[in-house]
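Text of input_30.txt (compact mmCIF, N, CA and C atoms) as supplied:
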# COMPACT_ATOMS: atom_id res chain seq x y z
N MET F 1 -89.10 15.22 36.24
CA MET F 1 -89.42 16.36 35.42
C MET F 1 -90.16 15.89 34.17
N ARG F 2 -91.23 16.56 33.85
CA ARG F 2 -92.07 16.16 32.73
C ARG F 2 -91.50 16.66 31.41
N GLN F 3 -91.45 15.80 30.41
CA GLN F 3 -90.94 16.20 29.10
C GLN F 3 -92.05 16.84 28.29
N ARG F 4 -91.70 17.89 27.58
CA ARG F 4 -92.66 18.54 26.71
C ARG F 4 -92.61 17.91 25.33
N THR F 5 -93.75 17.74 24.75
CA THR F 5 -93.78 17.22 23.39
C THR F 5 -93.68 18.38 22.42
N PRO F 6 -92.92 18.23 21.36
CA PRO F 6 -92.79 19.34 20.41
C PRO F 6 -94.12 19.61 19.72
N ALA F 7 -94.31 20.89 19.36
CA ALA F 7 -95.54 21.28 18.65
C ALA F 7 -95.58 20.58 17.30
N ARG F 8 -96.78 20.17 16.90
CA ARG F 8 -96.92 19.49 15.62
C ARG F 8 -97.10 20.50 14.51
N LYS F 9 -96.52 20.20 13.39
CA LYS F 9 -96.66 21.05 12.20
C LYS F 9 -97.93 20.64 11.44
N PRO F 10 -98.53 21.59 10.75
CA PRO F 10 -99.70 21.23 9.94
C PRO F 10 -99.33 20.21 8.88
N ARG F 11 -100.32 19.44 8.47
CA ARG F 11 -100.08 18.46 7.41
C ARG F 11 -99.58 19.14 6.16
N GLY F 12 -98.69 18.51 5.47
CA GLY F 12 -98.20 19.03 4.20
C GLY F 12 -97.08 20.04 4.33
N ALA F 13 -96.67 20.34 5.54
CA ALA F 13 -95.61 21.32 5.72
C ALA F 13 -94.27 20.69 5.36
N ALA F 14 -93.48 21.44 4.63
CA ALA F 14 -92.14 20.98 4.28
C ALA F 14 -91.26 21.02 5.53
N PRO F 15 -90.25 20.17 5.60
CA PRO F 15 -89.36 20.19 6.77
C PRO F 15 -88.78 21.59 6.96
N GLY F 16 -88.85 22.08 8.19
CA GLY F 16 -88.31 23.38 8.51
C GLY F 16 -89.29 24.53 8.34
N TYR F 17 -90.51 24.24 7.87
CA TYR F 17 -91.50 25.29 7.67
C TYR F 17 -92.73 25.01 8.53
N ALA F 18 -93.38 26.07 9.00
CA ALA F 18 -94.53 25.92 9.87
C ALA F 18 -95.82 25.69 9.09
N ARG F 19 -95.82 26.01 7.81
CA ARG F 19 -97.03 25.80 7.01
C ARG F 19 -96.66 25.20 5.67
N GLY F 20 -97.66 24.64 5.01
CA GLY F 20 -97.43 24.02 3.72
C GLY F 20 -97.05 25.04 2.66
N MET F 21 -96.23 24.63 1.74
CA MET F 21 -95.80 25.51 0.65
C MET F 21 -96.78 25.34 -0.51
N SER F 22 -97.00 26.40 -1.26
CA SER F 22 -97.88 26.30 -2.42
C SER F 22 -97.31 27.14 -3.55
N ASP F 23 -97.84 26.94 -4.74
CA ASP F 23 -97.40 27.72 -5.89
C ASP F 23 -98.14 29.05 -6.00
N GLU F 24 -99.14 29.26 -5.13
CA GLU F 24 -99.89 30.51 -5.17
C GLU F 24 -99.01 31.66 -4.69
N THR F 25 -99.19 32.81 -5.32
CA THR F 25 -98.42 33.98 -4.92
C THR F 25 -99.35 34.98 -4.26
N ASN F 26 -98.80 35.78 -3.38
CA ASN F 26 -99.54 36.83 -2.70
C ASN F 26 -98.97 38.16 -3.19
N PRO F 27 -99.69 38.87 -4.08
CA PRO F 27 -99.18 40.12 -4.64
C PRO F 27 -98.79 41.15 -3.58
N GLU F 28 -99.54 41.21 -2.50
CA GLU F 28 -99.24 42.18 -1.45
C GLU F 28 -97.90 41.88 -0.79
N LEU F 29 -97.66 40.60 -0.49
CA LEU F 29 -96.39 40.21 0.12
C LEU F 29 -95.22 40.40 -0.85
N GLU F 30 -95.45 40.08 -2.11
CA GLU F 30 -94.38 40.26 -3.10
C GLU F 30 -94.02 41.73 -3.27
N ALA F 31 -95.02 42.61 -3.26
CA ALA F 31 -94.76 44.05 -3.37
C ALA F 31 -93.97 44.55 -2.17
N ALA F 32 -94.32 44.07 -0.98
CA ALA F 32 -93.59 44.46 0.23
C ALA F 32 -92.15 43.98 0.17
N GLU F 33 -91.94 42.77 -0.33
CA GLU F 33 -90.59 42.23 -0.43
C GLU F 33 -89.75 43.04 -1.43
N ARG F 34 -90.35 43.42 -2.56
CA ARG F 34 -89.63 44.25 -3.53
C ARG F 34 -89.24 45.59 -2.92
N GLU F 35 -90.14 46.17 -2.14
CA GLU F 35 -89.87 47.47 -1.52
C GLU F 35 -88.72 47.37 -0.52
N VAL F 36 -88.70 46.31 0.25
CA VAL F 36 -87.64 46.12 1.23
C VAL F 36 -86.29 45.90 0.55
N ASN F 37 -86.28 45.17 -0.56
CA ASN F 37 -85.04 44.84 -1.24
C ASN F 37 -84.56 45.93 -2.20
N ALA F 38 -85.39 46.93 -2.45
CA ALA F 38 -85.04 47.99 -3.41
C ALA F 38 -83.93 48.88 -2.85
N GLU F 39 -83.20 49.49 -3.76
CA GLU F 39 -82.18 50.46 -3.38
C GLU F 39 -82.87 51.70 -2.81
N PRO F 40 -82.23 52.39 -1.88
CA PRO F 40 -82.84 53.60 -1.35
C PRO F 40 -83.07 54.63 -2.46
N ALA F 41 -84.15 55.38 -2.35
CA ALA F 41 -84.48 56.39 -3.36
C ALA F 41 -83.57 57.60 -3.25
N PHE F 42 -82.90 57.75 -2.12
CA PHE F 42 -82.04 58.91 -1.88
C PHE F 42 -80.62 58.45 -1.58
N LYS F 43 -79.68 59.31 -1.84
CA LYS F 43 -78.27 59.03 -1.56
C LYS F 43 -77.86 59.69 -0.25
N GLU F 44 -76.90 59.10 0.45
CA GLU F 44 -76.40 59.66 1.69
C GLU F 44 -75.88 61.08 1.43
N GLY F 45 -76.32 62.03 2.26
CA GLY F 45 -75.89 63.41 2.12
C GLY F 45 -76.77 64.26 1.21
N GLU F 46 -77.75 63.64 0.56
CA GLU F 46 -78.64 64.37 -0.35
C GLU F 46 -79.58 65.28 0.44
N GLU F 47 -79.73 66.52 -0.02
CA GLU F 47 -80.66 67.45 0.62
C GLU F 47 -82.09 67.09 0.22
N VAL F 48 -82.98 67.05 1.21
CA VAL F 48 -84.37 66.66 1.00
C VAL F 48 -85.29 67.61 1.77
N TRP F 49 -86.58 67.49 1.48
CA TRP F 49 -87.61 68.13 2.29
C TRP F 49 -88.23 67.05 3.15
N VAL F 50 -88.57 67.38 4.39
CA VAL F 50 -89.28 66.47 5.28
C VAL F 50 -90.62 67.11 5.60
N GLU F 51 -91.68 66.40 5.28
CA GLU F 51 -93.02 66.92 5.50
C GLU F 51 -93.50 66.57 6.90
N ASP F 52 -94.02 67.59 7.62
CA ASP F 52 -94.54 67.32 8.97
C ASP F 52 -96.03 66.98 8.90
N ALA F 53 -96.65 66.76 10.05
CA ALA F 53 -98.05 66.34 10.12
C ALA F 53 -99.00 67.38 9.54
N ASN F 54 -98.59 68.66 9.51
CA ASN F 54 -99.44 69.72 8.98
C ASN F 54 -99.21 69.97 7.49
N GLY F 55 -98.31 69.20 6.88
CA GLY F 55 -98.03 69.37 5.46
C GLY F 55 -96.94 70.38 5.16
N ASN F 56 -96.35 70.97 6.21
CA ASN F 56 -95.25 71.92 6.01
C ASN F 56 -93.96 71.16 5.70
N ARG F 57 -93.13 71.76 4.87
CA ARG F 57 -91.85 71.14 4.51
C ARG F 57 -90.71 71.81 5.24
N HIS F 58 -89.79 70.97 5.74
CA HIS F 58 -88.61 71.45 6.46
C HIS F 58 -87.38 70.87 5.78
N PRO F 59 -86.29 71.66 5.66
CA PRO F 59 -85.08 71.13 5.02
C PRO F 59 -84.43 70.05 5.87
N GLY F 60 -83.87 69.06 5.19
CA GLY F 60 -83.17 67.99 5.88
C GLY F 60 -82.10 67.40 4.98
N VAL F 61 -81.28 66.56 5.56
CA VAL F 61 -80.23 65.85 4.83
C VAL F 61 -80.43 64.36 5.09
N PHE F 62 -80.57 63.58 4.00
CA PHE F 62 -80.76 62.14 4.11
C PHE F 62 -79.47 61.50 4.61
N VAL F 63 -79.59 60.68 5.67
CA VAL F 63 -78.42 60.01 6.24
C VAL F 63 -78.37 58.55 5.78
N GLY F 64 -79.49 57.85 5.84
CA GLY F 64 -79.52 56.45 5.43
C GLY F 64 -80.82 55.79 5.85
N MET F 65 -80.99 54.56 5.37
CA MET F 65 -82.21 53.80 5.66
C MET F 65 -82.17 53.28 7.10
N ASN F 66 -83.35 53.18 7.70
CA ASN F 66 -83.49 52.58 9.02
C ASN F 66 -83.70 51.09 8.82
N GLU F 67 -82.66 50.31 8.96
CA GLU F 67 -82.70 48.88 8.68
C GLU F 67 -83.62 48.12 9.63
N ALA F 68 -83.85 48.65 10.83
CA ALA F 68 -84.65 47.93 11.83
C ALA F 68 -86.13 48.25 11.74
N ALA F 69 -86.56 49.04 10.77
CA ALA F 69 -87.96 49.47 10.70
C ALA F 69 -88.92 48.29 10.63
N GLY F 70 -88.60 47.27 9.88
CA GLY F 70 -89.48 46.11 9.72
C GLY F 70 -89.62 45.27 10.96
N TRP F 71 -88.67 45.36 11.88
CA TRP F 71 -88.72 44.56 13.10
C TRP F 71 -89.89 44.94 13.97
N PHE F 72 -90.32 46.18 13.88
CA PHE F 72 -91.36 46.68 14.78
C PHE F 72 -92.69 46.88 14.06
N GLY F 73 -92.81 46.37 12.85
CA GLY F 73 -94.07 46.41 12.14
C GLY F 73 -94.34 47.71 11.41
N GLY F 74 -93.41 48.61 11.42
CA GLY F 74 -93.61 49.88 10.72
C GLY F 74 -93.23 49.78 9.26
N GLY F 75 -93.59 50.80 8.50
CA GLY F 75 -93.19 50.86 7.11
C GLY F 75 -91.75 51.29 6.98
N PRO F 76 -91.25 51.42 5.76
CA PRO F 76 -89.87 51.83 5.56
C PRO F 76 -89.63 53.23 6.10
N SER F 77 -88.51 53.42 6.75
CA SER F 77 -88.16 54.72 7.31
C SER F 77 -86.67 54.96 7.13
N ALA F 78 -86.27 56.21 7.38
CA ALA F 78 -84.88 56.59 7.18
C ALA F 78 -84.45 57.60 8.24
N TYR F 79 -83.15 57.78 8.37
CA TYR F 79 -82.59 58.79 9.26
C TYR F 79 -82.39 60.07 8.47
N VAL F 80 -82.83 61.19 9.04
CA VAL F 80 -82.68 62.49 8.42
C VAL F 80 -82.15 63.46 9.46
N VAL F 81 -81.21 64.31 9.04
CA VAL F 81 -80.66 65.35 9.91
C VAL F 81 -81.28 66.68 9.49
N HIS F 82 -81.68 67.46 10.48
CA HIS F 82 -82.21 68.80 10.23
C HIS F 82 -81.15 69.81 10.65
N PRO F 83 -80.37 70.33 9.69
CA PRO F 83 -79.25 71.21 10.03
C PRO F 83 -79.67 72.48 10.78
N GLU F 84 -80.78 73.09 10.40
CA GLU F 84 -81.18 74.33 11.05
C GLU F 84 -81.60 74.11 12.50
N ALA F 85 -82.20 72.98 12.78
CA ALA F 85 -82.67 72.68 14.13
C ALA F 85 -81.62 71.94 14.96
N HIS F 86 -80.52 71.55 14.34
CA HIS F 86 -79.44 70.80 15.01
C HIS F 86 -79.98 69.53 15.67
N GLN F 87 -80.78 68.77 14.91
CA GLN F 87 -81.32 67.51 15.43
C GLN F 87 -81.47 66.50 14.30
N ALA F 88 -81.65 65.27 14.69
CA ALA F 88 -81.87 64.18 13.73
C ALA F 88 -83.11 63.42 14.16
N GLU F 89 -83.72 62.72 13.20
CA GLU F 89 -84.89 61.91 13.53
C GLU F 89 -85.04 60.77 12.54
N VAL F 90 -85.84 59.79 12.94
CA VAL F 90 -86.22 58.71 12.05
C VAL F 90 -87.55 59.13 11.43
N VAL F 91 -87.60 59.10 10.10
CA VAL F 91 -88.76 59.61 9.36
C VAL F 91 -89.28 58.54 8.42
N SER F 92 -90.61 58.45 8.31
CA SER F 92 -91.22 57.57 7.33
C SER F 92 -90.77 57.99 5.94
N MET F 93 -90.47 57.03 5.08
CA MET F 93 -90.05 57.36 3.71
C MET F 93 -91.14 58.13 2.96
N ALA F 94 -92.39 57.96 3.36
CA ALA F 94 -93.50 58.67 2.71
C ALA F 94 -93.44 60.17 2.98
N ARG F 95 -92.71 60.59 4.02
CA ARG F 95 -92.61 62.00 4.37
C ARG F 95 -91.36 62.68 3.80
N ILE F 96 -90.51 61.92 3.12
CA ILE F 96 -89.28 62.48 2.56
C ILE F 96 -89.50 62.79 1.08
N ILE F 97 -89.19 64.03 0.70
CA ILE F 97 -89.45 64.50 -0.66
C ILE F 97 -88.15 65.03 -1.26
N PRO F 98 -87.85 64.70 -2.52
CA PRO F 98 -86.64 65.25 -3.15
C PRO F 98 -86.70 66.77 -3.17
N LYS F 99 -85.54 67.41 -2.99
CA LYS F 99 -85.51 68.87 -2.93
C LYS F 99 -85.58 69.51 -4.31
N ASN F 100 -85.16 68.84 -5.34
CA ASN F 100 -85.16 69.47 -6.67
C ASN F 100 -86.45 69.29 -7.39

Encoded form (structure tokens):
Amino acid sequence: MRQRTPARKPRGAAPGYARGMSDETNPELEAAEREVNAEPAFKEGEEVWVEDANGNRHPGVFVGMNEAAGWFGGGPSAYVVHPEAHQAEVVSMARIIPKN
């Protein structure tokens, strides 16, 4: 059986990292990290408006953040229950608006 050689890391890479570390910062990545680490803008059980694709607002109740949103490359999203329609959905945070 033939042995595979491990992939080589780029020069200057610190042990355990695939690329070299630098002191340069990436503002876009830092902003995304702050957004992910921020507290949710809404509290569990808070009444909100959910905007649909046509710009219409529908009443909803904020349930909580969708923790797995980043795994699939999407932006931040949350779970919202629509009491009048008796359904729930995962909604982009950009579509959730405070009710007051």

Atomic separation - atom C of Glu84 of chain F relative to atom CA of Val48 of chain F, Å: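 Result for atom CA of Val48 of chain F versus atom C of Glu84 of chain F: 14.0 Å, one decimal.
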
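Each of F:Val50, F:Gln87, F:Lys43, F:Pro76 was compared to Phe62 of chain F using only N, CA and C atoms, and F:Lys43 turns out to be the nearest.
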
Coordinates-based distance that separates atom CA of Met65 of chain F from atom CA of Glu30 of chain F (Å, one decimal):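 Pair atom CA of Glu30 of chain F / atom CA of Met65 of chain F returns 20.2 Å.
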
Atom CA of Gly60 of chain F to atom N of Ala41 of chain F, distance in Å rounded to a single decimal: 15.1 Å

Counting only N, CA and C atoms, the option among F:Ala53, F:Pro59, F:Glu44, F:Lys99 closest to Val81 of chain F: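 The answer is F:Pro59, which sits nearest to Val81 of chain F.
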
Just need segment 85-97 of chain F in a file, please: C-alpha atoms, as a PDB file, in the first residue's frame.
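Below is the file that was written, part_25.pdb:
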ATOM      1  CA  ALA F  85     -50.547  31.791  10.215  1.00  0.00           C
ATOM      2  CA  HIS F  86     -49.687  29.084  12.801  1.00  0.00           C
ATOM      3  CA  GLN F  87     -46.224  28.577  11.311  1.00  0.00           C
ATOM      4  CA  ALA F  88     -42.577  29.277  11.997  1.00  0.00           C
ATOM      5  CA  GLU F  89     -39.678  30.094   9.697  1.00  0.00           C
ATOM      6  CA  VAL F  90     -36.016  30.989   9.584  1.00  0.00           C
ATOM      7  CA  VAL F  91     -35.727  34.639   8.571  1.00  0.00           C
ATOM      8  CA  SER F  92     -32.784  36.836   7.618  1.00  0.00           C
ATOM      9  CA  MET F  93     -32.091  39.352  10.394  1.00  0.00           C
ATOM     10  CA  ALA F  94     -32.325  42.085   7.737  1.00  0.00           C
ATOM     11  CA  ARG F  95     -36.055  41.262   7.367  1.00  0.00           C
ATOM     12  CA  ILE F  96     -36.894  41.507  11.087  1.00  0.00           C
ATOM     13  CA  ILE F  97     -38.087  44.918  12.271  1.00  0.00           C
TER      14      ILE F  97
END
